[in-house]
>>> print(open('query-v7.cif').read())   # mmCIF, C-alpha atoms (C1' of nucleotides); chains and numbers go by the auth columns
data_start
#
loop_
_atom_site.group_PDB
_atom_site.id
_atom_site.type_symbol
_atom_site.label_atom_id
_atom_site.label_comp_id
_atom_site.label_asym_id
_atom_site.label_seq_id
_atom_site.Cartn_x
_atom_site.Cartn_y
_atom_site.Cartn_z
_atom_site.B_iso_or_equiv
_atom_site.auth_seq_id
_atom_site.auth_asym_id
ATOM 1 C CA MET A 1 -22.078 28.520 18.465 0.00 1 Y
ATOM 2 C CA THR A 2 -21.475 26.390 15.403 0.00 2 Y
ATOM 3 C CA GLU A 3 -18.950 24.441 17.430 0.00 3 Y
ATOM 4 C CA LYS A 4 -21.751 22.377 18.915 0.00 4 Y
ATOM 5 C CA LEU A 5 -22.539 20.703 15.604 0.00 5 Y
ATOM 6 C CA ASN A 6 -22.430 16.915 15.737 0.00 6 Y
ATOM 7 C CA LYS A 7 -20.087 15.100 13.372 0.00 7 Y
ATOM 8 C CA GLU A 8 -22.681 14.547 10.657 0.00 8 Y
ATOM 9 C CA GLU A 9 -23.652 18.217 10.654 0.00 9 Y
ATOM 10 C CA LYS A 10 -19.989 19.137 10.621 0.00 10 Y
ATOM 11 C CA VAL A 11 -19.435 17.056 7.497 0.00 11 Y
ATOM 12 C CA GLU A 12 -22.369 18.751 5.777 0.00 12 Y
ATOM 13 C CA LYS A 13 -20.986 22.144 6.665 0.00 13 Y
ATOM 14 C CA LEU A 14 -17.488 21.169 5.558 0.00 14 Y
ATOM 15 C CA ILE A 15 -18.692 19.923 2.193 0.00 15 Y
ATOM 16 C CA GLU A 16 -20.332 23.305 1.759 0.00 16 Y
ATOM 17 C CA LEU A 17 -17.183 25.185 2.804 0.00 17 Y
ATOM 18 C CA PHE A 18 -14.778 23.015 0.828 0.00 18 Y
ATOM 19 C CA SER A 19 -16.948 23.267 -2.295 0.00 19 Y
ATOM 20 C CA LYS A 20 -16.849 27.026 -2.010 0.00 20 Y
ATOM 21 C CA HIS A 21 -13.132 27.439 -1.282 0.00 21 Y
ATOM 22 C CA TYR A 22 -11.800 24.543 -3.332 0.00 22 Y
ATOM 23 C CA PRO A 23 -14.266 24.454 -6.262 0.00 23 Y
ATOM 24 C CA GLU A 24 -11.961 22.163 -8.179 0.00 24 Y
ATOM 25 C CA PRO A 25 -10.796 19.388 -5.870 0.00 25 Y
ATOM 26 C CA GLY A 26 -7.361 18.031 -6.695 0.00 26 Y
ATOM 27 C CA THR A 27 -7.061 16.168 -9.946 0.00 27 Y
ATOM 28 C CA ALA A 28 -7.897 12.498 -9.540 0.00 28 Y
ATOM 29 C CA LEU A 29 -5.872 9.630 -10.951 0.00 29 Y
ATOM 30 C CA ASN A 30 -6.787 8.675 -14.502 0.00 30 Y
ATOM 31 C CA PHE A 31 -7.587 5.000 -15.009 0.00 31 Y
ATOM 32 C CA SER A 32 -9.920 2.783 -16.991 0.00 32 Y
ATOM 33 C CA THR A 33 -9.395 -0.599 -15.317 0.00 33 Y
ATOM 34 C CA PRO A 34 -8.642 -1.856 -11.779 0.00 34 Y
ATOM 35 C CA PHE A 35 -5.125 -2.772 -12.932 0.00 35 Y
ATOM 36 C CA GLU A 36 -4.463 0.747 -14.157 0.00 36 Y
ATOM 37 C CA LEU A 37 -5.718 2.226 -10.904 0.00 37 Y
ATOM 38 C CA LEU A 38 -3.528 -0.165 -8.927 0.00 38 Y
ATOM 39 C CA ILE A 39 -0.399 0.832 -10.858 0.00 39 Y
ATOM 40 C CA ALA A 40 -1.274 4.533 -10.799 0.00 40 Y
ATOM 41 C CA THR A 41 -1.811 4.383 -7.045 0.00 41 Y
ATOM 42 C CA ILE A 42 1.520 2.647 -6.436 0.00 42 Y
ATOM 43 C CA LEU A 43 3.097 5.470 -8.435 0.00 43 Y
ATOM 44 C CA SER A 44 1.253 8.125 -6.429 0.00 44 Y
ATOM 45 C CA ALA A 45 3.192 7.686 -3.175 0.00 45 Y
ATOM 46 C CA GLN A 46 4.783 10.954 -2.041 0.00 46 Y
ATOM 47 C CA THR A 47 3.760 12.794 -5.199 0.00 47 Y
ATOM 48 C CA THR A 48 0.694 14.357 -6.803 0.00 48 Y
ATOM 49 C CA ASP A 49 -1.940 12.745 -8.987 0.00 49 Y
ATOM 50 C CA ILE A 50 -1.090 15.319 -11.654 0.00 50 Y
ATOM 51 C CA GLN A 51 2.495 14.035 -11.876 0.00 51 Y
ATOM 52 C CA VAL A 52 1.244 10.451 -12.033 0.00 52 Y
ATOM 53 C CA ASN A 53 -1.229 11.190 -14.815 0.00 53 Y
ATOM 54 C CA LYS A 54 1.553 12.696 -16.927 0.00 54 Y
ATOM 55 C CA VAL A 55 3.398 9.380 -16.764 0.00 55 Y
ATOM 56 C CA THR A 56 0.522 6.921 -17.062 0.00 56 Y
ATOM 57 C CA GLU A 57 -1.105 8.571 -20.062 0.00 57 Y
ATOM 58 C CA ASP A 58 1.699 7.222 -22.226 0.00 58 Y
ATOM 59 C CA LEU A 59 2.496 4.107 -20.175 0.00 59 Y
ATOM 60 C CA PHE A 60 -1.014 2.625 -20.234 0.00 60 Y
ATOM 61 C CA GLU A 61 -1.276 2.934 -23.995 0.00 61 Y
ATOM 62 C CA LYS A 62 0.780 -0.232 -24.444 0.00 62 Y
ATOM 63 C CA TYR A 63 1.233 -1.552 -20.939 0.00 63 Y
ATOM 64 C CA ASN A 64 -2.147 -1.959 -19.272 0.00 64 Y
ATOM 65 C CA THR A 65 -2.050 -5.585 -18.111 0.00 65 Y
ATOM 66 C CA PRO A 66 0.340 -7.544 -15.863 0.00 66 Y
ATOM 67 C CA GLY A 67 1.536 -9.572 -18.850 0.00 67 Y
ATOM 68 C CA SER A 68 2.264 -6.617 -21.095 0.00 68 Y
ATOM 69 C CA MET A 69 3.895 -4.649 -18.261 0.00 69 Y
ATOM 70 C CA LEU A 70 6.312 -7.528 -17.731 0.00 70 Y
ATOM 71 C CA GLN A 71 7.588 -7.080 -21.288 0.00 71 Y
ATOM 72 C CA LEU A 72 9.455 -4.105 -19.870 0.00 72 Y
ATOM 73 C CA SER A 73 12.785 -4.561 -18.133 0.00 73 Y
ATOM 74 C CA GLN A 74 13.178 -2.714 -14.869 0.00 74 Y
ATOM 75 C CA LYS A 75 15.477 -0.220 -16.597 0.00 75 Y
ATOM 76 C CA GLU A 76 12.955 0.385 -19.373 0.00 76 Y
ATOM 77 C CA LEU A 77 10.136 0.938 -16.906 0.00 77 Y
ATOM 78 C CA GLU A 78 12.339 3.276 -14.869 0.00 78 Y
ATOM 79 C CA ASN A 79 12.939 5.370 -17.970 0.00 79 Y
ATOM 80 C CA LYS A 80 9.204 5.680 -18.565 0.00 80 Y
ATOM 81 C CA ILE A 81 8.442 6.899 -15.046 0.00 81 Y
ATOM 82 C CA ASN A 82 11.592 8.795 -14.079 0.00 82 Y
ATOM 83 C CA SER A 83 9.854 12.157 -14.004 0.00 83 Y
ATOM 84 C CA ILE A 84 8.340 11.317 -10.631 0.00 84 Y
ATOM 85 C CA GLY A 85 10.036 10.753 -7.314 0.00 85 Y
ATOM 86 C CA LEU A 86 11.087 7.356 -5.968 0.00 86 Y
ATOM 87 C CA PHE A 87 10.925 5.991 -9.517 0.00 87 Y
ATOM 88 C CA ARG A 88 13.465 3.203 -9.054 0.00 88 Y
ATOM 89 C CA ASN A 89 11.609 1.742 -6.097 0.00 89 Y
ATOM 90 C CA LYS A 90 8.279 2.122 -7.850 0.00 90 Y
ATOM 91 C CA ALA A 91 9.494 0.364 -11.016 0.00 91 Y
ATOM 92 C CA LYS A 92 10.687 -2.507 -8.856 0.00 92 Y
ATOM 93 C CA TYR A 93 7.400 -2.680 -6.921 0.00 93 Y
ATOM 94 C CA ILE A 94 5.305 -2.600 -10.093 0.00 94 Y
ATOM 95 C CA LEU A 95 7.148 -5.430 -11.848 0.00 95 Y
ATOM 96 C CA LYS A 96 7.081 -7.555 -8.711 0.00 96 Y
ATOM 97 C CA THR A 97 3.371 -6.856 -8.276 0.00 97 Y
ATOM 98 C CA CYS A 98 2.691 -7.911 -11.880 0.00 98 Y
ATOM 99 C CA LYS A 99 4.464 -11.225 -11.271 0.00 99 Y
ATOM 100 C CA ILE A 100 2.429 -11.811 -8.107 0.00 100 Y
ATOM 101 C CA LEU A 101 -0.800 -10.989 -9.949 0.00 101 Y
ATOM 102 C CA LEU A 102 -0.001 -13.590 -12.614 0.00 102 Y
ATOM 103 C CA ASN A 103 1.283 -16.233 -10.216 0.00 103 Y
ATOM 104 C CA ASP A 104 -1.225 -15.942 -7.383 0.00 104 Y
ATOM 105 C CA PHE A 105 -4.297 -14.106 -8.686 0.00 105 Y
ATOM 106 C CA GLU A 106 -4.747 -15.331 -12.263 0.00 106 Y
ATOM 107 C CA GLY A 107 -3.752 -11.928 -13.584 0.00 107 Y
ATOM 108 C CA GLU A 108 -6.676 -10.187 -11.876 0.00 108 Y
ATOM 109 C CA VAL A 109 -6.508 -7.459 -9.254 0.00 109 Y
ATOM 110 C CA PRO A 110 -7.780 -8.987 -5.987 0.00 110 Y
ATOM 111 C CA LYS A 111 -10.793 -7.435 -4.287 0.00 111 Y
ATOM 112 C CA THR A 112 -9.882 -7.758 -0.607 0.00 112 Y
ATOM 113 C CA ARG A 113 -7.536 -5.605 1.440 0.00 113 Y
ATOM 114 C CA LYS A 114 -5.663 -8.612 2.767 0.00 114 Y
ATOM 115 C CA GLU A 115 -4.876 -9.831 -0.740 0.00 115 Y
ATOM 116 C CA LEU A 116 -4.078 -6.377 -2.100 0.00 116 Y
ATOM 117 C CA MET A 117 -1.565 -5.844 0.701 0.00 117 Y
ATOM 118 C CA GLN A 118 0.283 -8.984 -0.380 0.00 118 Y
ATOM 119 C CA LEU A 119 1.309 -7.068 -3.506 0.00 119 Y
ATOM 120 C CA SER A 120 4.552 -5.089 -3.659 0.00 120 Y
ATOM 121 C CA GLY A 121 4.321 -1.362 -3.009 0.00 121 Y
ATOM 122 C CA VAL A 122 0.760 -1.710 -1.719 0.00 122 Y
ATOM 123 C CA GLY A 123 0.085 -0.676 1.859 0.00 123 Y
ATOM 124 C CA ARG A 124 -3.153 0.110 3.627 0.00 124 Y
ATOM 125 C CA LYS A 125 -3.712 3.458 1.939 0.00 125 Y
ATOM 126 C CA THR A 126 -3.070 2.173 -1.581 0.00 126 Y
ATOM 127 C CA ALA A 127 -5.232 -0.891 -0.973 0.00 127 Y
ATOM 128 C CA ASN A 128 -8.092 1.323 0.142 0.00 128 Y
ATOM 129 C CA VAL A 129 -7.825 3.564 -2.912 0.00 129 Y
ATOM 130 C CA VAL A 130 -8.244 0.490 -5.125 0.00 130 Y
ATOM 131 C CA LEU A 131 -11.037 -1.006 -3.014 0.00 131 Y
ATOM 132 C CA ALA A 132 -12.988 2.239 -2.927 0.00 132 Y
ATOM 133 C CA ASN A 133 -12.487 3.518 -6.459 0.00 133 Y
ATOM 134 C CA ALA A 134 -12.193 0.341 -8.544 0.00 134 Y
ATOM 135 C CA PHE A 135 -14.438 -1.993 -6.578 0.00 135 Y
ATOM 136 C CA PHE A 136 -16.702 0.520 -4.804 0.00 136 Y
ATOM 137 C CA LYS A 137 -16.120 -0.961 -1.377 0.00 137 Y
ATOM 138 C CA ALA A 138 -16.287 0.846 1.947 0.00 138 Y
ATOM 139 C CA ALA A 139 -12.664 1.745 2.637 0.00 139 Y
ATOM 140 C CA PHE A 140 -11.726 5.399 3.038 0.00 140 Y
ATOM 141 C CA PRO A 141 -8.058 5.963 2.100 0.00 141 Y
ATOM 142 C CA VAL A 142 -6.162 7.668 4.944 0.00 142 Y
ATOM 143 C CA ASP A 143 -2.836 9.346 4.255 0.00 143 Y
ATOM 144 C CA THR A 144 -0.894 11.684 6.527 0.00 144 Y
ATOM 145 C CA HIS A 145 -2.920 14.772 5.607 0.00 145 Y
ATOM 146 C CA VAL A 146 -6.267 13.044 5.956 0.00 146 Y
ATOM 147 C CA PHE A 147 -5.197 11.622 9.306 0.00 147 Y
ATOM 148 C CA ARG A 148 -4.054 14.962 10.720 0.00 148 Y
ATOM 149 C CA VAL A 149 -6.722 17.290 9.285 0.00 149 Y
ATOM 150 C CA SER A 150 -9.714 15.078 10.049 0.00 150 Y
ATOM 151 C CA ALA A 151 -8.490 14.648 13.627 0.00 151 Y
ATOM 152 C CA ARG A 152 -8.050 18.389 14.089 0.00 152 Y
ATOM 153 C CA LEU A 153 -11.475 19.131 12.660 0.00 153 Y
ATOM 154 C CA GLY A 154 -12.952 16.603 15.074 0.00 154 Y
ATOM 155 C CA LEU A 155 -14.158 14.117 12.450 0.00 155 Y
ATOM 156 C CA SER A 156 -11.903 11.350 13.757 0.00 156 Y
ATOM 157 C CA SER A 157 -10.298 10.370 17.044 0.00 157 Y
ATOM 158 C CA GLY A 158 -6.706 10.567 15.794 0.00 158 Y
ATOM 159 C CA GLU A 159 -5.863 7.297 17.560 0.00 159 Y
ATOM 160 C CA ASN A 160 -4.339 5.558 14.562 0.00 160 Y
ATOM 161 C CA VAL A 161 -4.775 5.139 10.815 0.00 161 Y
ATOM 162 C CA LYS A 162 -6.958 2.042 11.036 0.00 162 Y
ATOM 163 C CA ARG A 163 -9.398 3.651 13.452 0.00 163 Y
ATOM 164 C CA THR A 164 -9.471 6.884 11.412 0.00 164 Y
ATOM 165 C CA GLU A 165 -10.229 4.847 8.325 0.00 165 Y
ATOM 166 C CA GLU A 166 -13.208 3.194 10.023 0.00 166 Y
ATOM 167 C CA GLU A 167 -14.503 6.487 11.371 0.00 167 Y
ATOM 168 C CA LEU A 168 -14.339 8.298 8.032 0.00 168 Y
ATOM 169 C CA THR A 169 -15.744 5.307 6.170 0.00 169 Y
ATOM 170 C CA ASP A 170 -18.841 5.530 8.361 0.00 170 Y
ATOM 171 C CA LEU A 171 -19.016 9.308 8.487 0.00 171 Y
ATOM 172 C CA ILE A 172 -18.385 10.627 4.975 0.00 172 Y
ATOM 173 C CA PRO A 173 -21.109 10.069 2.356 0.00 173 Y
ATOM 174 C CA LYS A 174 -19.593 7.813 -0.260 0.00 174 Y
ATOM 175 C CA LYS A 175 -20.565 10.179 -3.013 0.00 175 Y
ATOM 176 C CA TYR A 176 -18.021 12.657 -1.636 0.00 176 Y
ATOM 177 C CA TRP A 177 -15.135 10.311 -0.879 0.00 177 Y
ATOM 178 C CA ILE A 178 -12.874 11.295 -3.756 0.00 178 Y
ATOM 179 C CA ASP A 179 -13.543 15.005 -3.391 0.00 179 Y
ATOM 180 C CA PHE A 180 -13.318 14.906 0.390 0.00 180 Y
ATOM 181 C CA HIS A 181 -9.998 13.089 0.209 0.00 181 Y
ATOM 182 C CA HIS A 182 -8.546 15.744 -2.071 0.00 182 Y
ATOM 183 C CA TRP A 183 -10.074 18.544 -0.046 0.00 183 Y
ATOM 184 C CA LEU A 184 -8.398 17.331 3.128 0.00 184 Y
ATOM 185 C CA ILE A 185 -5.085 17.003 1.304 0.00 185 Y
ATOM 186 C CA ASP A 186 -5.320 20.436 -0.314 0.00 186 Y
ATOM 187 C CA HIS A 187 -6.357 21.994 2.978 0.00 187 Y
ATOM 188 C CA GLY A 188 -3.622 20.113 4.827 0.00 188 Y
ATOM 189 C CA ARG A 189 -0.924 21.483 2.537 0.00 189 Y
ATOM 190 C CA ALA A 190 -2.174 25.030 2.161 0.00 190 Y
ATOM 191 C CA VAL A 191 -3.659 25.833 5.580 0.00 191 Y
ATOM 192 C CA CYS A 192 -3.899 23.001 8.092 0.00 192 Y
ATOM 193 C CA LYS A 193 -0.180 22.275 7.882 0.00 193 Y
ATOM 194 C CA ALA A 194 1.562 19.761 10.112 0.00 194 Y
ATOM 195 C CA GLN A 195 3.702 22.525 11.586 0.00 195 Y
ATOM 196 C CA ASN A 196 2.303 26.008 12.170 0.00 196 Y
ATOM 197 C CA PRO A 197 -1.249 25.559 10.907 0.00 197 Y
ATOM 198 C CA ASP A 198 -2.642 28.858 9.624 0.00 198 Y
ATOM 199 C CA CYS A 199 -5.786 28.825 11.772 0.00 199 Y
ATOM 200 C CA GLU A 200 -6.276 32.593 11.536 0.00 200 Y
ATOM 201 C CA ASN A 201 -6.918 32.311 7.823 0.00 201 Y
ATOM 202 C CA CYS A 202 -8.862 29.045 7.973 0.00 202 Y
ATOM 203 C CA PHE A 203 -12.478 29.150 6.806 0.00 203 Y
ATOM 204 C CA ALA A 204 -13.273 26.140 8.994 0.00 204 Y
ATOM 205 C CA SER A 205 -11.919 27.423 12.302 0.00 205 Y
ATOM 206 C CA GLY A 206 -15.458 28.055 13.528 0.00 206 Y
ATOM 207 C CA ILE A 207 -16.238 24.344 13.562 0.00 207 Y
ATOM 208 C CA CYS A 208 -12.718 23.034 14.209 0.00 208 Y
ATOM 209 C CA SER A 209 -12.076 21.094 17.409 0.00 209 Y
ATOM 210 C CA TYR A 210 -8.359 21.871 17.337 0.00 210 Y
ATOM 211 C CA TYR A 211 -8.895 25.628 16.994 0.00 211 Y
ATOM 212 C CA ASN A 212 -11.636 25.774 19.607 0.00 212 Y
ATOM 213 C CA ASN A 213 -9.575 23.972 22.270 0.00 213 Y
ATOM 214 C "C1'" DA B 1 11.555 3.008 15.475 0.00 1 B
ATOM 215 C "C1'" DA B 2 14.600 4.972 12.327 0.00 2 B
ATOM 216 C "C1'" DC B 3 16.199 5.034 7.712 0.00 3 B
ATOM 217 C "C1'" DT B 4 15.685 5.219 2.602 0.00 4 B
ATOM 218 C "C1'" DC B 5 14.069 6.588 -1.790 0.00 5 B
ATOM 219 C "C1'" DG B 6 13.684 11.433 -5.224 0.00 6 B
ATOM 220 C "C1'" DG B 7 11.611 14.923 -8.283 0.00 7 B
ATOM 221 C "C1'" DG B 8 8.260 18.617 -7.198 0.00 8 B
ATOM 222 C "C1'" DG B 9 6.188 22.070 -4.537 0.00 9 B
ATOM 223 C "C1'" DC B 10 6.788 25.906 -2.008 0.00 10 B
ATOM 224 C "C1'" DA B 11 9.097 29.555 0.865 0.00 11 B
ATOM 225 C "C1'" DT C 1 18.566 27.197 -2.914 0.00 1 Z
ATOM 226 C "C1'" DG C 2 17.077 24.433 0.663 0.00 2 Z
ATOM 227 C "C1'" DC C 3 13.523 22.062 3.124 0.00 3 Z
ATOM 228 C "C1'" DC C 4 9.814 18.865 3.228 0.00 4 Z
ATOM 229 C "C1'" DC C 5 7.031 15.307 1.501 0.00 5 Z
ATOM 230 C "C1'" DA C 6 -0.035 13.409 -1.669 0.00 6 Z
ATOM 231 C "C1'" DG C 7 3.963 5.807 1.547 0.00 7 Z
ATOM 232 C "C1'" DA C 8 5.883 1.624 1.692 0.00 8 Z
ATOM 233 C "C1'" DG C 9 9.804 -1.538 2.321 0.00 9 Z
ATOM 234 C "C1'" DT C 10 13.892 -2.586 4.773 0.00 10 Z
ATOM 235 C "C1'" DT C 11 17.018 -2.898 8.706 0.00 11 Z
#
>>> encode(input="query-v7.cif", output="structure tokens")
Amino acid sequence: MTEKLNKEEKVEKLIELFSKHYPEPGTALNFSTPFELLIATILSAQTTDIQVNKVTEDLFEKYNTPGSMLQLSQKELENKINSIGLFRNKAKYILKTCKILLNDFEGEVPKTRKELMQLSGVGRKTANVVLANAFFKAAFPVDTHVFRVSARLGLSSGENVKRTEEELTDLIPKKYWIDFHHWLIDHGRAVCKAQNPDCENCFASGICSYYNN
DNA sequence: AACTCGGGGCA
DNA sequence: TGCCCAGAGTT
């Protein structure tokens, strides 16, 4: 039975299955510099990359550095991003982060998780997105869907976020990180839901630890 | 550990 | 129309 696949074989099989069923993995954040990715990722909490891209396309035209972003008052920034949720908090986080970048990091986005997490609105998941996608470091971003779905599939232990992050960082070929992240999210929302997962209609049930236990 | 922010997605 | 949330900060 396919259930006896080891984790590496499971990942291979999943990439095959995901590619087939989700041929277009969720839209990724648009960015052209580490700073833009940092801001876009802060904005992406509790919303979709598509919504973020709608906002940043215009925003980054003029405001793509900490210094230029700080030309905006909090109210002005709020008005530019108010089509996405939590916009007041996010405007506050972004302006505070820009000040910290100028004061403590010479206006550059830091390249370590510890430093990134000193910024406002930047937790472990956001820090990892920046580390992985702007600086090509080994740090798989783990959000709630990734945590739950990868644990159910048997790719991670499900102990905690930090452990899951280490497990997926080692397990998933880096080439597939962005796609795999979106696949797990898409699958987590559509099928492998937190409550009442739709296992009967899941194409991965044959190799899923949760389903086979 | 629980509460808060919020427009979008989805039933 | 109502419920839940593609996190992080605060209390």
>>> interface_residues(input="query-v7.cif", of="chain B", to="chain Y", cutoff="7 Å", atoms="all atoms listed in the file", output="list in words")
DC5, DG6 and DG7 of chain B
>>> resolve_selection(input="query-v7.cif", expression="the PyMOL selection byres ((chain Y) within 8 of (chain Z))", output="MDAnalysis selection string")
chainID Y and resid 44:49 121:123 143 145 185
>>> resolve_selection(input="query-v7.cif", expression="the PyMOL selection byres ((chain Y and resi 33) around 12)", output="JSON, numbers by chain")
{"Y": [29, 30, 31, 32, 34, 35, 36, 37, 38, 39, 40, 60, 64, 65, 66, 108, 109, 130, 133, 134, 135]}
>>> write_last_selection(input="query-v7.cif", atoms="C-alpha atoms", output="JSON list (two decimals), in the coordinates of the input")
[["chain", "number", "residue", "atom", "x", "y", "z"],
["Y", 29, "LEU", "CA", -5.87, 9.63, -10.95],
["Y", 30, "ASN", "CA", -6.79, 8.68, -14.50],
["Y", 31, "PHE", "CA", -7.59, 5.00, -15.01],
["Y", 32, "SER", "CA", -9.92, 2.78, -16.99],
["Y", 34, "PRO", "CA", -8.64, -1.86, -11.78],
["Y", 35, "PHE", "CA", -5.12, -2.77, -12.93],
["Y", 36, "GLU", "CA", -4.46, 0.75, -14.16],
["Y", 37, "LEU", "CA", -5.72, 2.23, -10.90],
["Y", 38, "LEU", "CA", -3.53, -0.16, -8.93],
["Y", 39, "ILE", "CA", -0.40, 0.83, -10.86],
["Y", 40, "ALA", "CA", -1.27, 4.53, -10.80],
["Y", 60, "PHE", "CA", -1.01, 2.62, -20.23],
["Y", 64, "ASN", "CA", -2.15, -1.96, -19.27],
["Y", 65, "THR", "CA", -2.05, -5.58, -18.11],
["Y", 66, "PRO", "CA", 0.34, -7.54, -15.86],
["Y", 108, "GLU", "CA", -6.68, -10.19, -11.88],
["Y", 109, "VAL", "CA", -6.51, -7.46, -9.25],
["Y", 130, "VAL", "CA", -8.24, 0.49, -5.12],
["Y", 133, "ASN", "CA", -12.49, 3.52, -6.46],
["Y", 134, "ALA", "CA", -12.19, 0.34, -8.54],
["Y", 135, "PHE", "CA", -14.44, -1.99, -6.58]]
>>> closest_residue(input="query-v7.cif", among="Y:Leu95, Y:Ala194, Y:Leu171, Y:Ala138", to="Thr112 of chain Y", atoms="only C-alpha atoms")
Y:Ala138
>>> axis_aligned_box(input="query-v7.cif", around="segment 1-7 of chain B", padding_each_side="3 Å", output="JSON")
{"center_x": 13.9, "center_y": 9.0, "center_z": 3.6, "size_x": 10.6, "size_y": 17.9, "size_z": 29.8}
>>> atom_distance(input="query-v7.cif", atom1="atom CA of Ala127 of chain Y", atom2="atom CA of Lys13 of chain Y")
28.9 Å
>>> atom_distance(input="query-v7.cif", atom1="atom CA of Lys175 of chain Y", atom2="atom CA of Val11 of chain Y")
12.6 Å
>>> atom_distance(input="query-v7.cif", atom1="atom CA of Ala139 of chain Y", atom2="atom CA of Pro197 of chain Y")
27.7 Å
>>> residues_around(input="query-v7.cif", residues="Glu166 of chain Y", least_positions_apart="5", cutoff="12 Å", atoms="only C-alpha atoms (C1' of nucleotides)", output="ChimeraX atom specification")
/Y:128,138-142,147,155-161,171-172
>>> write_last_selection(input="query-v7.cif", atoms="C-alpha atoms", output="short mmCIF file (atom, residue, chain, number, x, y, z; two decimals), keeping the file's coordinate frame")
data_model
loop_
_atom_site.label_atom_id
_atom_site.label_comp_id
_atom_site.auth_asym_id
_atom_site.auth_seq_id
_atom_site.Cartn_x
_atom_site.Cartn_y
_atom_site.Cartn_z
CA ASN Y 128 -8.09 1.32 0.14
CA ALA Y 138 -16.29 0.85 1.95
CA ALA Y 139 -12.66 1.74 2.64
CA PHE Y 140 -11.73 5.40 3.04
CA PRO Y 141 -8.06 5.96 2.10
CA VAL Y 142 -6.16 7.67 4.94
CA PHE Y 147 -5.20 11.62 9.31
CA LEU Y 155 -14.16 14.12 12.45
CA SER Y 156 -11.90 11.35 13.76
CA SER Y 157 -10.30 10.37 17.04
CA GLY Y 158 -6.71 10.57 15.79
CA GLU Y 159 -5.86 7.30 17.56
CA ASN Y 160 -4.34 5.56 14.56
CA VAL Y 161 -4.78 5.14 10.82
CA LEU Y 171 -19.02 9.31 8.49
CA ILE Y 172 -18.39 10.63 4.97
#
>>> decode(input="query-v7.cif", residues="chain Z", atoms="N, CA and C atoms (P, O5', C5', C4', C3', O3' and C1' of nucleotides)", output="short mmCIF file (atom, residue, chain, number, x, y, z; two decimals), in the first residue's frame")
data_model
loop_
_atom_site.label_atom_id
_atom_site.label_comp_id
_atom_site.auth_asym_id
_atom_site.auth_seq_id
_atom_site.Cartn_x
_atom_site.Cartn_y
_atom_site.Cartn_z
P DT Z 1 -29.19 41.05 4.06
"O5'" DT Z 1 -28.47 39.91 4.93
"C5'" DT Z 1 -29.29 38.87 5.45
"C4'" DT Z 1 -28.42 37.98 6.29
"C3'" DT Z 1 -27.50 38.70 7.29
"O3'" DT Z 1 -27.57 38.00 8.52
"C1'" DT Z 1 -26.22 37.25 5.96
P DG Z 2 -26.85 38.58 9.81
"O5'" DG Z 2 -25.93 37.30 10.08
"C5'" DG Z 2 -26.49 36.00 9.99
"C4'" DG Z 2 -25.38 34.98 10.06
"C3'" DG Z 2 -24.37 35.24 11.18
"O3'" DG Z 2 -23.96 34.00 11.72
"C1'" DG Z 2 -23.25 35.26 9.10
P DC Z 3 -23.22 33.96 13.09
"O5'" DC Z 3 -21.89 33.19 12.69
"C5'" DC Z 3 -21.99 31.89 12.12
"C4'" DC Z 3 -20.70 31.53 11.44
"C3'" DC Z 3 -19.48 31.71 12.33
"O3'" DC Z 3 -18.76 30.50 12.37
"C1'" DC Z 3 -19.15 32.76 10.21
P DC Z 4 -17.62 30.35 13.52
"O5'" DC Z 4 -16.28 30.42 12.68
"C5'" DC Z 4 -16.14 29.60 11.51
"C4'" DC Z 4 -15.00 30.15 10.67
"C3'" DC Z 4 -13.75 30.46 11.48
"O3'" DC Z 4 -12.70 29.62 11.06
"C1'" DC Z 4 -14.29 32.23 9.98
P DC Z 5 -11.34 29.52 11.90
"O5'" DC Z 5 -10.35 30.43 11.04
"C5'" DC Z 5 -10.21 30.14 9.67
"C4'" DC Z 5 -9.60 31.34 8.97
"C3'" DC Z 5 -8.29 31.82 9.60
"O3'" DC Z 5 -7.25 31.65 8.66
"C1'" DC Z 5 -9.75 33.65 9.08
P DA Z 6 -6.25 30.41 8.71
"O5'" DA Z 6 -5.11 31.22 7.97
"C5'" DA Z 6 -5.42 31.64 6.61
"C4'" DA Z 6 -4.05 31.93 6.11
"C3'" DA Z 6 -3.57 33.35 6.43
"O3'" DA Z 6 -2.20 33.27 6.52
"C1'" DA Z 6 -3.49 33.01 4.19
P DG Z 7 -1.40 33.55 7.55
"O5'" DG Z 7 -1.58 34.37 8.88
"C5'" DG Z 7 -0.64 34.16 9.89
"C4'" DG Z 7 0.07 35.44 10.25
"C3'" DG Z 7 1.14 35.25 11.30
"O3'" DG Z 7 2.14 36.21 11.06
"C1'" DG Z 7 -0.70 36.48 12.21
P DA Z 8 3.46 36.28 11.85
"O5'" DA Z 8 3.24 37.46 12.90
"C5'" DA Z 8 2.97 38.77 12.42
"C4'" DA Z 8 2.49 39.65 13.54
"C3'" DA Z 8 3.36 39.60 14.80
"O3'" DA Z 8 3.81 40.91 15.08
"C1'" DA Z 8 1.05 39.38 15.33
P DG Z 9 4.71 41.29 16.31
"O5'" DG Z 9 3.67 42.03 17.26
"C5'" DG Z 9 2.98 43.14 16.73
"C4'" DG Z 9 1.98 43.68 17.73
"C3'" DG Z 9 2.57 43.95 19.11
"O3'" DG Z 9 2.12 45.21 19.55
"C1'" DG Z 9 0.69 42.52 19.30
P DT Z 10 2.55 45.83 20.91
"O5'" DT Z 10 1.29 45.51 21.86
"C5'" DT Z 10 -0.02 45.89 21.43
"C4'" DT Z 10 -1.06 45.43 22.43
"C3'" DT Z 10 -0.71 45.70 23.90
"O3'" DT Z 10 -1.82 46.35 24.50
"C1'" DT Z 10 -1.37 43.46 23.62
P DT Z 11 -1.72 47.01 25.93
"O5'" DT Z 11 -2.52 45.98 26.85
"C5'" DT Z 11 -3.82 45.56 26.47
"C4'" DT Z 11 -4.33 44.49 27.43
"C3'" DT Z 11 -3.87 44.68 28.88
"O3'" DT Z 11 -4.95 44.47 29.76
"C1'" DT Z 11 -3.35 42.51 28.15
#
